[in-house]
Every structure is written in C-alpha cells, then in structure tokens.
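Asks: Handing you this structure, nothing more for now.
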Amino acid sequence: MPFFEVRHPLVRHKLGLMRDKDISTKDFRELTAEVARLLTYEATKDLEVGPHTVEGWAGPVEVDRLQGKKITVVPILRAGLGMMDGVLDLIPSARVSVVGLFRNEETLEPTAYYCKFTSQIEARLALVIDPMLATGGSLIEAVNQLKQAGCSRIRALVLVAAPEGVKAMEEAHPDVAIYAAALDERLNEIGYILPGLGDAGDKIFGTK
Ligand code: URA
C-alpha cells in the first residue's frame with residue numbers, strides 16, 4: 001500500500017510551526033487547514049481529466065475537466081473537521097460524508113456511532129481526513145464503514161502518522177493510500193504520537 005510522506009518545504013515549515021507547544025488555537029486551526037490543502041493537492045494529482053470544449057475569447061478552445069463522479073471528503077469526528085475546509089478550498093464541489101467513532105470500553109476498539117454518507121458513495125473517490133494516524137484503529141474502522149457502504153476508492157490524508165498506524169493500515173487495508181505531512185517516530189505508552197502534535201482535536205477546537 002502506498003504511503004506518501006509529503007515532504008514539500010511549505011508542508012515541513014507549516015508542520016514545524018504546529019509543533020510549538022505554545023501555538024494559539026487560531027494558528028493551529030489555520031495551519032491545519034493550510035496543510036490539508038497541500039495534502040489535497042498531492043493526493044489528487046493523478047485524478048483523471050477529459051477533454052471539454054468552451055467558448056474562449058478567440059473561439060472554441062479545448063480544456064481539461066475532471067472526469068467521473070464528484071469526490072466525497074470524509075472527516076472522522078471530531079478532529080477531522082479541522083482539515084475539512086482546507087480540502088474543500090481545493091475541491092469546492094466535493095460532497096461531505098462523516099464518520100463518528102467511540103471507543104468500546106469492553107473491546108477497546110473504535111466503534112461507529114454515526115455514519116452519514118453521501119449518495120452514490122460506491123461511485124466516488126473518498127478522501128478520509130483525520131489529523132493523527134496513531135494506532136490506526138479509527139482510520140481502519142472508518143474505512144471498514146466506507147467499504148461496507150460500497151465505496152472502493154479510498155485515500156487517507158493525515159497530518160502526522162506513527163509507524164505503528166501505518167503498519168496497521170497496511171495490514172487491514174492495503175488498497176488505501178495514505179498521504180501524511182510527516183511520519184513521526186513512535187507512539188508513547190498512552191497512544192500519543194512522538195514527537196507529534198499533542199491532542200490535535202483539543203488544539204483545533206480550543207478545548208481542555
Ligand atoms: N490523537 C491525537 O490527537 N494525538 C496523538 O498523538 C494521537 C492521537
């Protein structure tokens with residue numbers, strides 16, 4: 001399964017700013033959207049385009065148009081919402097589907113409590129967004145839900161990935177490409193990514 005660490009200088013610079021422990025909620029939120037935009041650019045660079053004729057200033061001109069059904073962007077609640085506007089800036093006509101997960105206290109597995117998918121999900125490319133790929137449990141379950149609904153073209157966009165999460169995704173969903181702004185070192189004993197960003201949801205929403 002392809003894993004792409006997007007090592008563009010702008011991505012590295014912006015992610016570096018996000019690692020500062022004193023960053024404000026406003027700056028963290030804005031940078032999350034900016035990095036999401038750059039990841040979207042990378043994750044869509046092989047989309048198919050086809051010929052289309054428009055009436056140009058000097059007569060008919062053949063231009064490229066994106067082909068196929070519209071994309072759906074799939075934030076995993078809640079932190080994934082922080083990346084949504086960045087993705088929609090570049091793909092304004094994308095449909096939004098959401099996946100809400102909670103941790104089952106008996107099995108400790110992420111379990112879906114809410115899924116709302118756009119129509120014709122089976123015909124769309126799904127871009128699943130979640131800032132942190134830690135153990136991989138949430139992303140794996142979100143992809144399970146999408147596949148159960150018939151979606152077969154799925155990509156994941158994350159700000160920071162841990163090797164443990166990438167490996168888990170490779171085993172569970174080898175067909176899903178992951179685009180990350182950084183591949184970090186490891187998880188700590190409570191499942192946080194090191195050096196990571198801390199709790200991305202709290203930083204985006206200004207909670208805690
Ligand atoms: N979720 C976060 O917000 N941060 C981590 O480091 C891991 C999971």
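The chains in the structure tokens are called A, B, ... from first to last as shown; in each chain the residues are counted from 1, and the ligands are counted from 1 in the order shown.
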Mind checking which residues fall within 10 Å of range 91-93 of chain A, counting only C-alpha atoms, ignoring those fewer than 5 positions away in the same chain, and posting them as a list in words?
Replies: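 The neighbour list is Arg37, Thr40, Tyr41, Thr44, Lys70, Ile71, Thr72, Val73, Asp85 and Gly86 of chain A.
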Asks: Check which residues of chain A sit at most 7 Å from ligand 1 using only C-alpha atoms and all ligand atoms, and return one row each with the closest pair of atoms and their distance in Å to one decimal, ordered by chain and rising number, as CSV.
Replies:
residue,atom,partner,partner_atom_place_in_ligand_line,distance
A:Met132,CA,ligand 1,1 (N),5.3
A:Leu133,CA,ligand 1,8 (C),6.8
A:Ala134,CA,ligand 1,7 (C),5.0
A:Gly191,CA,ligand 1,7 (C),5.8
A:Tyr192,CA,ligand 1,6 (O),3.4
A:Ile193,CA,ligand 1,6 (O),3.8
A:Leu194,CA,ligand 1,6 (O),6.9
A:Gly196,CA,ligand 1,6 (O),5.5
A:Leu197,CA,ligand 1,6 (O),6.1
A:Gly198,CA,ligand 1,4 (N),4.9
A:Asp199,CA,ligand 1,3 (O),3.3
A:Ala200,CA,ligand 1,3 (O),3.9
A:Gly201,CA,ligand 1,3 (O),5.5
Asks: Restricted to C-alpha atoms, what would the selected residues look like written as a PDB file, in the first residue's frame?
Replies:
ATOM      1  CA  MET A 132      -3.367  11.957  13.633  1.00  0.00           C
ATOM      2  CA  LEU A 133      -2.756   8.384  12.443  1.00  0.00           C
ATOM      3  CA  ALA A 134      -1.724   6.872  15.770  1.00  0.00           C
ATOM      4  CA  GLY A 191      -1.064   6.077  22.296  1.00  0.00           C
ATOM      5  CA  TYR A 192       0.134   9.608  21.574  1.00  0.00           C
ATOM      6  CA  ILE A 193       2.482  10.178  18.669  1.00  0.00           C
ATOM      7  CA  LEU A 194       6.043  11.293  19.443  1.00  0.00           C
ATOM      8  CA  GLY A 196       3.640  14.522  17.320  1.00  0.00           C
ATOM      9  CA  LEU A 197       1.392  17.477  17.967  1.00  0.00           C
ATOM     10  CA  GLY A 198      -0.290  16.521  21.240  1.00  0.00           C
ATOM     11  CA  ASP A 199      -4.057  16.243  21.170  1.00  0.00           C
ATOM     12  CA  ALA A 200      -4.929  17.630  17.748  1.00  0.00           C
ATOM     13  CA  GLY A 201      -8.681  17.736  18.426  1.00  0.00           C
TER      14      GLY A 201
END
Asks: Quick check for you: according to DSSP on this backbone, which residues of chain A are classed as alpha helix (DSSP H)? Reply as a VMD selection string.
Replies: chain A and resid 9 to 18 25 to 43 81 to 90 137 to 148 163 to 172 200 to 205
Asks: Would you mind listing what lies within 12 Å of range 22-25 of chain A as a count of residues only, with only C-alpha atoms counted and same-chain residues fewer than 6 positions away left out?
Replies: 18
Asks: Write out as a short mmCIF file (atom, residue, chain, number, x, y, z; two decimals) with C-alpha atoms, in the first residue's frame the residues lying within 8 Å of range 162-172 of chain A, counting only C-alpha atoms and excluding same-chain residues fewer than 5 positions away.
Replies:
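selection36.cif, freshly written:
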data_model
loop_
_atom_site.label_atom_id
_atom_site.label_comp_id
_atom_site.auth_asym_id
_atom_site.auth_seq_id
_atom_site.Cartn_x
_atom_site.Cartn_y
_atom_site.Cartn_z
CA MET A 1 0.00 0.00 0.00
CA PHE A 3 2.40 5.63 1.94
CA LEU A 133 -2.76 8.38 12.44
CA ALA A 134 -1.72 6.87 15.77
CA THR A 135 -2.64 3.20 16.35
CA GLY A 136 -4.65 3.21 13.12
CA GLY A 137 -7.81 1.94 14.85
CA LEU A 139 -8.92 5.07 10.32
CA ILE A 140 -9.29 1.31 9.89
CA LEU A 183 5.98 10.18 9.53
CA ASP A 184 6.99 10.52 13.17
CA GLU A 185 8.99 8.23 15.46
CA ARG A 186 6.57 6.18 17.54
CA LEU A 187 3.64 6.04 19.93
CA ILE A 193 2.48 10.18 18.67
CA LEU A 194 6.04 11.29 19.44
#
Asks: Dump as CSV the rows for residues of range 126-200 of chain A within 9 Å of range 99-118 of chain A: closest atom pair and distance in Å with one decimal, only C-alpha atoms counted, ordered by chain and rising residue number.
Replies:
residue,atom,partner,partner_atom,distance
A:Gly137,CA,A:Pro110,CA,6.2
A:Ser138,CA,A:Pro110,CA,5.8
A:Ile140,CA,A:Pro110,CA,9.0
A:Glu141,CA,A:Pro110,CA,6.7
A:Ala142,CA,A:Val99,CA,6.3
A:Gln145,CA,A:Cys115,CA,7.8
A:Leu146,CA,A:Phe117,CA,8.1
A:Ala149,CA,A:Phe117,CA,8.2
Asks: Nearest residue to Ile76 in chain A out of A:Asp130, A:Asp46, A:Val61, A:Ile190, using only C-alpha atoms?
Replies: A:Asp130
Asks: Write out as an MDAnalysis selection string all residues of range 1-200 of chain A that DSSP puts in strand (DSSP E) for this structure's backbone.
Replies: chainID A and resid 3:5 49:56 59:66 72:77 95:96 98:103 110:116 125:129 132:133 153:161 177:183 186:187 193:194
Asks: Name the closest residue to Arg65 in chain A among the candidates A:Ala156, A:Leu127, A:Val176, A:Leu47; distances are taken between atoms, counting only C-alpha atoms.
Replies: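 For Arg65 in chain A, the nearest of the given residues is A:Leu47.
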Asks: Hey, what's within 12 Å of Leu10 in chain A if we count only C-alpha atoms and toss same-chain stuff fewer than 2 positions away? As an NGL selection string, please?
Replies: :A and (6-8 or 12-17 or 31 or 34-39 or 181)
Asks: So which residues touch Asp64 in chain A within 9 Å, counting only C-alpha atoms, skipping near sequence neighbours fewer than 3 positions away, as a list of chain:residue names?
Replies: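 Everything that qualifies: A:Val49, A:Gly50, A:Pro51, A:His52, A:Thr53.
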Asks: Tell me which of A:Gly56, A:Pro174, A:Pro75, A:Pro195 sits closest to Asp20 in chain A, counting only C-alpha atoms.
Replies: A:Pro195
Asks: I'd like to know which of A:Val143, A:Leu157, A:Gly150, A:Leu81 is closest to Asp175 in chain A, using only C-alpha atoms.
Replies: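 Result for the nearest residue to Asp175 in chain A: A:Val143.
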Asks: How many Å separate CA of Arg155 in chain A from CA of Tyr179 in chain A?
Replies: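 Going from CA of Arg155 in chain A over to CA of Tyr179 in chain A covers 7.7 Å.
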Asks: Which residue out of A:Glu55, A:Glu189, A:Glu122, A:Asp89 has the minimum interatomic distance to Ala33 in chain A when only C-alpha atoms are used?
Replies: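 Closest residue, counting only C-alpha atoms: A:Asp89.
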